[in-house]
Number of protein chains: 2
Amino acid sequence: MVAIGIDIGGTSIKGAAVYSDGKMLNTFSLPVYRGDPGEKTVNDLIDLVEKYIKEHGLEKEIAGIGIGIPGTLDVDNGIVEYSNNLKWENLPITKLFQKRLPYKVRISNDANVAAFGEAKFGAGKGVPYSIMLTLGTGVGGGIVLDGKLYEGNLGKAAEMGHIVMEYNGRQCTCGRKGCLEAYASATAIVNDTKKAMEEHPESLMHQVAEELGKVDGRVAFKAARQGDKIAQQVVDQYIFYLSEGILNYCNIFRPNLVILSGGIANEGDYLFDKINNYLKVHNYGYKKTPEVKVVPAKLGYDSGKIGAASLFFK
Amino acid sequence: MVAIGIDIGGTSIKGAAVYSDGKMLNTFSLPVYRGDPGEKTVNDLIDLVEKYIKEHGLEKEIAGIGIGIPGTLDVDNGIVEYSNNLKWENLPITKLFQKRLPYKVRISNDANVAAFGEAKFGAGKGVPYSIMLTLGTGVGGGIVLDGKLYEGNLGKAAEMGHIVMEYNGRQCTCGRKGCLEAYASATAIVNDTKKAMEEHPESLMHQVAEELGKVDGRVAFKAARQGDKIAQQVVDQYIFYLSEGILNYCNIFRPNLVILSGGIANEGDYLFDKINNYLKVHNYGYKKTPEVKVVPAKLGYDSGKIGAASLFFK
């Protein structure tokens, strides 16, 4: 079985044919210009998909076209209600595809399909229950239960970054205060790093930032590894917040695995050992509770394409 | 189709035959003496179940026996690992039943089956996605997704009261600090009420408590309804905490319905209007997000029996 998986991002659209064993053919891609009418971009995309399918001689094999999209979707009716990244509004993307191509189309949130890809063919392969948290500008993610993507009412579930962890805490982009996103996103650790650097001109973080040419999510981790106490405080606080968020999801879902993706997830054992050790001690009823492992994602940018195509696999 | 649903509690065990349309025959019950060996209690229960099935002539119809149990279970292997209420430890309850009766047996957490009963035949009837929170000594509950009970790895999911809502907040019974349970349980509002009464000898709550003969979860609500400002503060703070917890679950699951059970859920419109109004304003992306309703449970103490039997219904 083969399906087309498409991952729509803020600056480009990428897609590929994916087989039901997770193997992927070559990737096609299309730049996206923010502000372009959605209908034009989608029609360009359909041209490209049509050509790709023809080139690979897949016309008779395609089980469907799965599309991961950032924004608020009506999954049941195949409509992009609003995408801030793309400036699309009320775009009936499924209808546009089906007007021109004879294939089934399913859309889903971009973070959801990435989680599904990782669960099916990446870090979560073979595991029934997994949660993915994507630590980027915000905190996104997805939920895979008993091998199936969980999407909730109208496909709007799994706003993983938007659980309040501190009443009246840091202002979150969603309007509430104290959401996990405000503590555990890459944006959050960058802000924490900048604040600590201001307060501590002696910290090694200044030198690291100069070497890297900017203050990003890596600065505190790099300086912490080299023994800088202030950087260690920044990292430890960040990991504490993140671990408490993960613990919440463990107590709700009791997953086999928690997968972390995004830039921060590249920090290796230094990050994952600390989180896993925290969980070992604080897991609810930890002696009687199955151990949960926190691991990095494996598929990188392919998870979205693979996950989107996987919407058609059993 | 008919199944036996059994609800094991700390002081008594109740059960009944339940049909797949939710209709229930008369209830049998057995007192439980804490400290009695679990094996003895279970064998007494089996005697009773056997007699009940014979009396009702159900021998050939029974699809199975479902049992809701408070404590830590190994659902897959039918073992009560530990129940603090019952003082049972490593009790192979399914095996004990199957040694003597020729029926399938399934066990599940008592809060989970109560949520399942409410979802199938109570407040959540006809609704695919519902969450139940039970506001009692602690905060328990269950998750029903696409009409099925969600139990997670080894049946240990849905510890609904144990998500941290305030870092380093109130001490929770589970060992962590700041869990929802520490703010939204009946125990929590009783503590809040007592504290406010100590600080405010002029509050109407003193008079209400005297009338009721004790300080319980009703005192603050009753005085608040009569206009007592201090009681209103206690209630408003409680509802704020509870609503934020519910919002977390909405953002994760995007359910159609949130069902509240336990004594506090009897506080009627005064409680539910406040919660629903809070959610209308604070629901994530609320204008683009399907409205969720928060409603009281309907089945009372029957939810456990009905839910336990429902483990055998499609």
# chains A, B, ... in the order shown; residues from 1 in each chain; ligands from 1

$ select_by_dssp --residues "stretch 39-244 of chain B" --states "helix (DSSP H, G or I)" --output "PyMOL selection string"
chain B and resi 39-55+93-100+110-121+153-155+181-184+186-199+205-212+218-225+229-244

$ interface_residues --of "chain A" --to "chain B" --cutoff "7 Å" --atoms "only C-alpha atoms" --output "PDB file with N, CA and C atoms, in the first residue's frame"
ATOM      1  N   GLY A 152      -9.720  13.746  18.646  1.00  0.00           N
ATOM      2  CA  GLY A 152     -10.793  14.396  19.409  1.00  0.00           C
ATOM      3  C   GLY A 152     -11.878  15.001  18.536  1.00  0.00           C
ATOM      4  N   ASN A 153     -12.762  15.728  19.185  1.00  0.00           N
ATOM      5  CA  ASN A 153     -13.919  16.341  18.533  1.00  0.00           C
ATOM      6  C   ASN A 153     -13.465  17.294  17.413  1.00  0.00           C
ATOM      7  N   LYS A 156      -9.628  18.582  16.880  1.00  0.00           N
ATOM      8  CA  LYS A 156      -9.006  19.739  17.524  1.00  0.00           C
ATOM      9  C   LYS A 156      -8.338  19.404  18.861  1.00  0.00           C
ATOM     10  N   ALA A 157      -8.073  18.149  19.097  1.00  0.00           N
ATOM     11  CA  ALA A 157      -7.464  17.782  20.382  1.00  0.00           C
ATOM     12  C   ALA A 157      -5.950  17.987  20.360  1.00  0.00           C
ATOM     13  N   ALA A 158      -5.320  17.587  21.453  1.00  0.00           N
ATOM     14  CA  ALA A 158      -3.858  17.514  21.545  1.00  0.00           C
ATOM     15  C   ALA A 158      -3.169  18.857  21.452  1.00  0.00           C
ATOM     16  N   GLU A 159      -3.741  19.871  22.115  1.00  0.00           N
ATOM     17  CA  GLU A 159      -3.010  21.133  22.269  1.00  0.00           C
ATOM     18  C   GLU A 159      -2.075  20.966  23.466  1.00  0.00           C
ATOM     19  N   MET A 160      -1.011  20.177  23.225  1.00  0.00           N
ATOM     20  CA  MET A 160      -0.193  19.677  24.328  1.00  0.00           C
ATOM     21  C   MET A 160       0.497  20.776  25.138  1.00  0.00           C
ATOM     22  N   HIS A 162      -0.780  23.562  25.949  1.00  0.00           N
ATOM     23  CA  HIS A 162      -1.718  24.459  26.619  1.00  0.00           C
ATOM     24  C   HIS A 162      -2.446  23.806  27.779  1.00  0.00           C
ATOM     25  N   ILE A 163      -1.631  23.278  28.701  1.00  0.00           N
ATOM     26  CA  ILE A 163      -2.156  22.896  30.008  1.00  0.00           C
ATOM     27  C   ILE A 163      -1.484  23.809  31.019  1.00  0.00           C
ATOM     28  N   VAL A 164      -2.303  24.394  31.875  1.00  0.00           N
ATOM     29  CA  VAL A 164      -1.766  25.327  32.863  1.00  0.00           C
ATOM     30  C   VAL A 164      -0.992  24.567  33.927  1.00  0.00           C
ATOM     31  N   MET A 165       0.236  24.984  34.126  1.00  0.00           N
ATOM     32  CA  MET A 165       1.101  24.335  35.115  1.00  0.00           C
ATOM     33  C   MET A 165       1.359  25.273  36.287  1.00  0.00           C
ATOM     34  N   GLU A 166       1.010  26.517  36.129  1.00  0.00           N
ATOM     35  CA  GLU A 166       1.186  27.477  37.224  1.00  0.00           C
ATOM     36  C   GLU A 166       0.102  28.543  37.121  1.00  0.00           C
ATOM     37  N   TYR A 167      -0.784  28.541  38.098  1.00  0.00           N
ATOM     38  CA  TYR A 167      -1.843  29.557  38.148  1.00  0.00           C
ATOM     39  C   TYR A 167      -1.242  30.939  38.065  1.00  0.00           C
ATOM     40  N   CYS A 174      -1.690  31.798  24.098  1.00  0.00           N
ATOM     41  CA  CYS A 174      -3.084  31.381  23.904  1.00  0.00           C
ATOM     42  C   CYS A 174      -4.062  32.229  24.697  1.00  0.00           C
ATOM     43  N   ASN A 248       2.536  14.980  34.026  1.00  0.00           N
ATOM     44  CA  ASN A 248       1.087  15.156  33.876  1.00  0.00           C
ATOM     45  C   ASN A 248       0.565  14.229  32.785  1.00  0.00           C
ATOM     46  N   ASN A 251       0.467  10.604  33.900  1.00  0.00           N
ATOM     47  CA  ASN A 251      -0.639  10.272  34.803  1.00  0.00           C
ATOM     48  C   ASN A 251      -1.979  10.219  34.081  1.00  0.00           C
ATOM     49  N   ILE A 252      -2.095  10.982  33.009  1.00  0.00           N
ATOM     50  CA  ILE A 252      -3.343  10.961  32.240  1.00  0.00           C
ATOM     51  C   ILE A 252      -3.388   9.741  31.315  1.00  0.00           C
ATOM     52  N   PHE A 253      -2.303   9.532  30.576  1.00  0.00           N
ATOM     53  CA  PHE A 253      -2.341   8.531  29.495  1.00  0.00           C
ATOM     54  C   PHE A 253      -1.652   7.217  29.829  1.00  0.00           C
ATOM     55  N   ARG A 254      -0.764   7.234  30.791  1.00  0.00           N
ATOM     56  CA  ARG A 254       0.062   6.054  31.067  1.00  0.00           C
ATOM     57  C   ARG A 254       0.584   5.467  29.751  1.00  0.00           C
ATOM     58  N   PRO A 255       1.386   6.282  29.030  1.00  0.00           N
ATOM     59  CA  PRO A 255       1.924   5.821  27.740  1.00  0.00           C
ATOM     60  C   PRO A 255       3.125   4.902  27.953  1.00  0.00           C
ATOM     61  N   ASN A 256       3.506   4.188  26.915  1.00  0.00           N
ATOM     62  CA  ASN A 256       4.744   3.418  26.980  1.00  0.00           C
ATOM     63  C   ASN A 256       5.948   4.329  26.788  1.00  0.00           C
ATOM     64  N   TYR A 284       3.777   8.775  39.317  1.00  0.00           N
ATOM     65  CA  TYR A 284       2.684   8.469  40.263  1.00  0.00           C
ATOM     66  C   TYR A 284       2.705   6.994  40.656  1.00  0.00           C
TER      67      TYR A 284
END

$ residues_around --residues "A:Leu260" --least-positions-apart "3" --cutoff "7 Å" --atoms "only C-alpha atoms" --output "list in words"
Met132, Leu133, Thr134, Ala265, Val295, Pro296 and Ala297 of chain A

$ select_by_dssp --residues "stretch 133-216 of chain B" --states "strand (DSSP E or B)" --output "number ranges by chain"
B: 133-135, 139-145, 148-149, 164, 166, 171, 177, 179

$ atom_distance --atom1 "atom CA of B:Thr193" --atom2 "atom CA of B:Gly300"
25.3 Å

$ residues_around --residues "stretch 87-93 of chain B" --least-positions-apart "4" --cutoff "12 Å" --atoms "only C-alpha atoms" --output "compact mmCIF listing (two decimals) with C-alpha atoms, in the first residue's frame"
# COMPACT_ATOMS: atom_id res chain seq x y z
CA LYS A 288 3.49 -0.03 41.01
CA ILE B 8 -16.30 -2.92 44.98
CA GLY B 9 -16.16 -0.16 47.58
CA GLY B 10 -14.40 0.30 50.89
CA THR B 11 -17.42 -0.72 53.01
CA VAL B 32 -16.79 -5.57 53.33
CA TYR B 33 -14.75 -5.65 56.49
CA ARG B 34 -11.45 -3.95 56.10
CA GLY B 35 -8.74 -6.31 57.09
CA ASP B 36 -10.66 -9.46 56.10
CA PRO B 37 -8.52 -11.60 53.81
CA GLY B 38 -9.31 -10.64 50.21
CA GLU B 39 -9.65 -14.27 49.16
CA LYS B 40 -12.41 -14.88 51.72
CA THR B 41 -14.34 -11.74 50.67
CA VAL B 42 -14.05 -12.66 47.00
CA ASN B 43 -15.24 -16.21 47.63
CA LEU B 45 -18.88 -12.57 46.56
CA ILE B 46 -18.67 -15.47 44.13
CA ILE B 65 -18.60 -10.30 34.82
CA GLY B 66 -17.14 -6.80 35.01
CA ILE B 67 -15.65 -5.58 38.29
CA GLY B 68 -14.68 -2.04 39.32
CA ILE B 69 -12.07 -1.98 42.07
CA PRO B 70 -10.43 0.87 44.00
CA GLY B 71 -6.65 0.57 43.95
CA THR B 72 -3.73 -0.33 41.77
CA LEU B 73 -4.62 -3.07 39.36
CA ASP B 74 -2.94 -5.18 36.73
CA VAL B 75 -5.93 -5.13 34.41
CA ASP B 76 -4.35 -7.39 31.79
CA ASN B 77 -3.76 -10.19 34.28
CA GLY B 78 -6.77 -9.57 36.52
CA ILE B 79 -4.78 -8.88 39.66
CA VAL B 80 -5.43 -6.36 42.45
CA GLU B 81 -1.86 -5.29 43.11
CA TYR B 82 -2.74 -3.09 46.04
CA SER B 83 -5.88 -1.55 47.43
CA PHE B 97 -13.71 -16.09 39.80
CA GLN B 98 -12.75 -18.28 36.89
CA LYS B 99 -11.88 -21.19 39.16
CA ARG B 100 -15.53 -21.37 40.18
CA VAL B 105 -14.15 -11.64 33.88
CA ARG B 106 -12.76 -8.14 33.38
CA ILE B 107 -11.52 -5.84 36.11
CA SER B 108 -10.94 -2.11 35.89

$ residues_around --residues "stretch 215-226 of chain A" --least-positions-apart "5" --cutoff "10 Å" --atoms "only C-alpha atoms" --output "NGL selection string"
:A and (136 or 185-194 or 196-197 or 203-210 or 231-236 or 263-264 or 266-267 or 270-271)

$ write_last_selection --atoms "N, CA and C atoms" --output "tab-separated table (two decimals), in the first residue's frame"
chain	number	residue	atom	x	y	z
A	136	GLY	N	9.43	23.72	20.23
A	136	GLY	CA	9.89	24.69	19.25
A	136	GLY	C	9.50	26.09	19.69
A	185	SER	N	8.90	25.64	25.96
A	185	SER	CA	9.21	25.84	24.54
A	185	SER	C	10.66	26.28	24.40
A	186	ALA	N	11.15	26.20	23.16
A	186	ALA	CA	12.49	26.75	22.89
A	186	ALA	C	12.48	28.25	23.16
A	187	THR	N	11.41	28.91	22.82
A	187	THR	CA	11.27	30.35	23.09
A	187	THR	C	11.48	30.63	24.58
A	188	ALA	N	10.91	29.78	25.43
A	188	ALA	CA	11.01	29.98	26.87
A	188	ALA	C	12.46	29.87	27.35
A	189	ILE	N	13.17	28.85	26.87
A	189	ILE	CA	14.56	28.72	27.36
A	189	ILE	C	15.44	29.83	26.79
A	190	VAL	N	15.13	30.30	25.61
A	190	VAL	CA	15.88	31.45	25.06
A	190	VAL	C	15.66	32.68	25.95
A	191	ASN	N	14.42	32.92	26.33
A	191	ASN	CA	14.13	34.05	27.22
A	191	ASN	C	14.82	33.90	28.57
A	192	ASP	N	14.75	32.68	29.12
A	192	ASP	CA	15.40	32.42	30.40
A	192	ASP	C	16.91	32.64	30.30
A	193	THR	N	17.47	32.20	29.17
A	193	THR	CA	18.91	32.34	28.95
A	193	THR	C	19.29	33.83	28.88
A	194	LYS	N	18.53	34.58	28.11
A	194	LYS	CA	18.84	36.02	27.98
A	194	LYS	C	18.77	36.73	29.32
A	196	ALA	N	19.16	35.42	32.33
A	196	ALA	CA	20.28	35.00	33.18
A	196	ALA	C	21.58	35.65	32.72
A	197	MET	N	21.73	35.82	31.41
A	197	MET	CA	22.95	36.46	30.88
A	197	MET	C	23.03	37.92	31.31
A	203	SER	N	28.88	34.92	33.33
A	203	SER	CA	28.53	33.55	32.91
A	203	SER	C	29.17	33.19	31.57
A	204	LEU	N	29.56	31.94	31.46
A	204	LEU	CA	30.14	31.39	30.24
A	204	LEU	C	29.19	31.51	29.05
A	205	MET	N	27.91	31.68	29.36
A	205	MET	CA	26.90	31.74	28.30
A	205	MET	C	27.19	32.87	27.31
A	206	HIS	N	27.80	33.99	27.80
A	206	HIS	CA	28.12	35.09	26.90
A	206	HIS	C	29.09	34.64	25.81
A	207	GLN	N	30.11	33.90	26.24
A	207	GLN	CA	31.12	33.41	25.29
A	207	GLN	C	30.51	32.41	24.30
A	208	VAL	N	29.69	31.51	24.83
A	208	VAL	CA	29.04	30.50	23.98
A	208	VAL	C	28.15	31.17	22.94
A	209	ALA	N	27.40	32.17	23.38
A	209	ALA	CA	26.49	32.87	22.47
A	209	ALA	C	27.27	33.56	21.37
A	210	GLU	N	28.41	34.11	21.75
A	210	GLU	CA	29.25	34.79	20.75
A	210	GLU	C	29.75	33.78	19.70
A	231	ALA	N	24.28	28.70	33.95
A	231	ALA	CA	23.67	27.96	32.85
A	231	ALA	C	23.01	26.68	33.36
A	232	GLN	N	23.66	26.02	34.32
A	232	GLN	CA	23.08	24.80	34.89
A	232	GLN	C	21.75	25.09	35.57
A	233	GLN	N	21.69	26.25	36.23
A	233	GLN	CA	20.42	26.63	36.86
A	233	GLN	C	19.32	26.82	35.82
A	234	VAL	N	19.68	27.49	34.72
A	234	VAL	CA	18.69	27.72	33.65
A	234	VAL	C	18.20	26.37	33.10
A	235	VAL	N	19.16	25.49	32.82
A	235	VAL	CA	18.81	24.18	32.25
A	235	VAL	C	18.01	23.36	33.25
A	236	ASP	N	18.43	23.34	34.50
A	236	ASP	CA	17.73	22.52	35.49
A	236	ASP	C	16.29	23.00	35.70
A	263	GLY	N	14.27	21.38	18.20
A	263	GLY	CA	15.70	21.65	18.41
A	263	GLY	C	16.21	21.20	19.77
A	264	ILE	N	15.44	21.46	20.81
A	264	ILE	CA	15.88	21.12	22.18
A	264	ILE	C	16.13	19.62	22.33
A	266	ASN	N	17.63	17.74	20.55
A	266	ASN	CA	18.97	17.34	20.10
A	266	ASN	C	20.01	17.41	21.21
A	267	GLU	N	19.60	17.75	22.42
A	267	GLU	CA	20.58	17.94	23.49
A	267	GLU	C	21.06	16.62	24.11
A	270	TYR	N	22.45	14.33	28.06
A	270	TYR	CA	22.48	15.33	29.12
A	270	TYR	C	21.06	15.74	29.49
A	271	LEU	N	20.21	15.89	28.47
A	271	LEU	CA	18.81	16.25	28.67
A	271	LEU	C	17.98	15.03	29.09
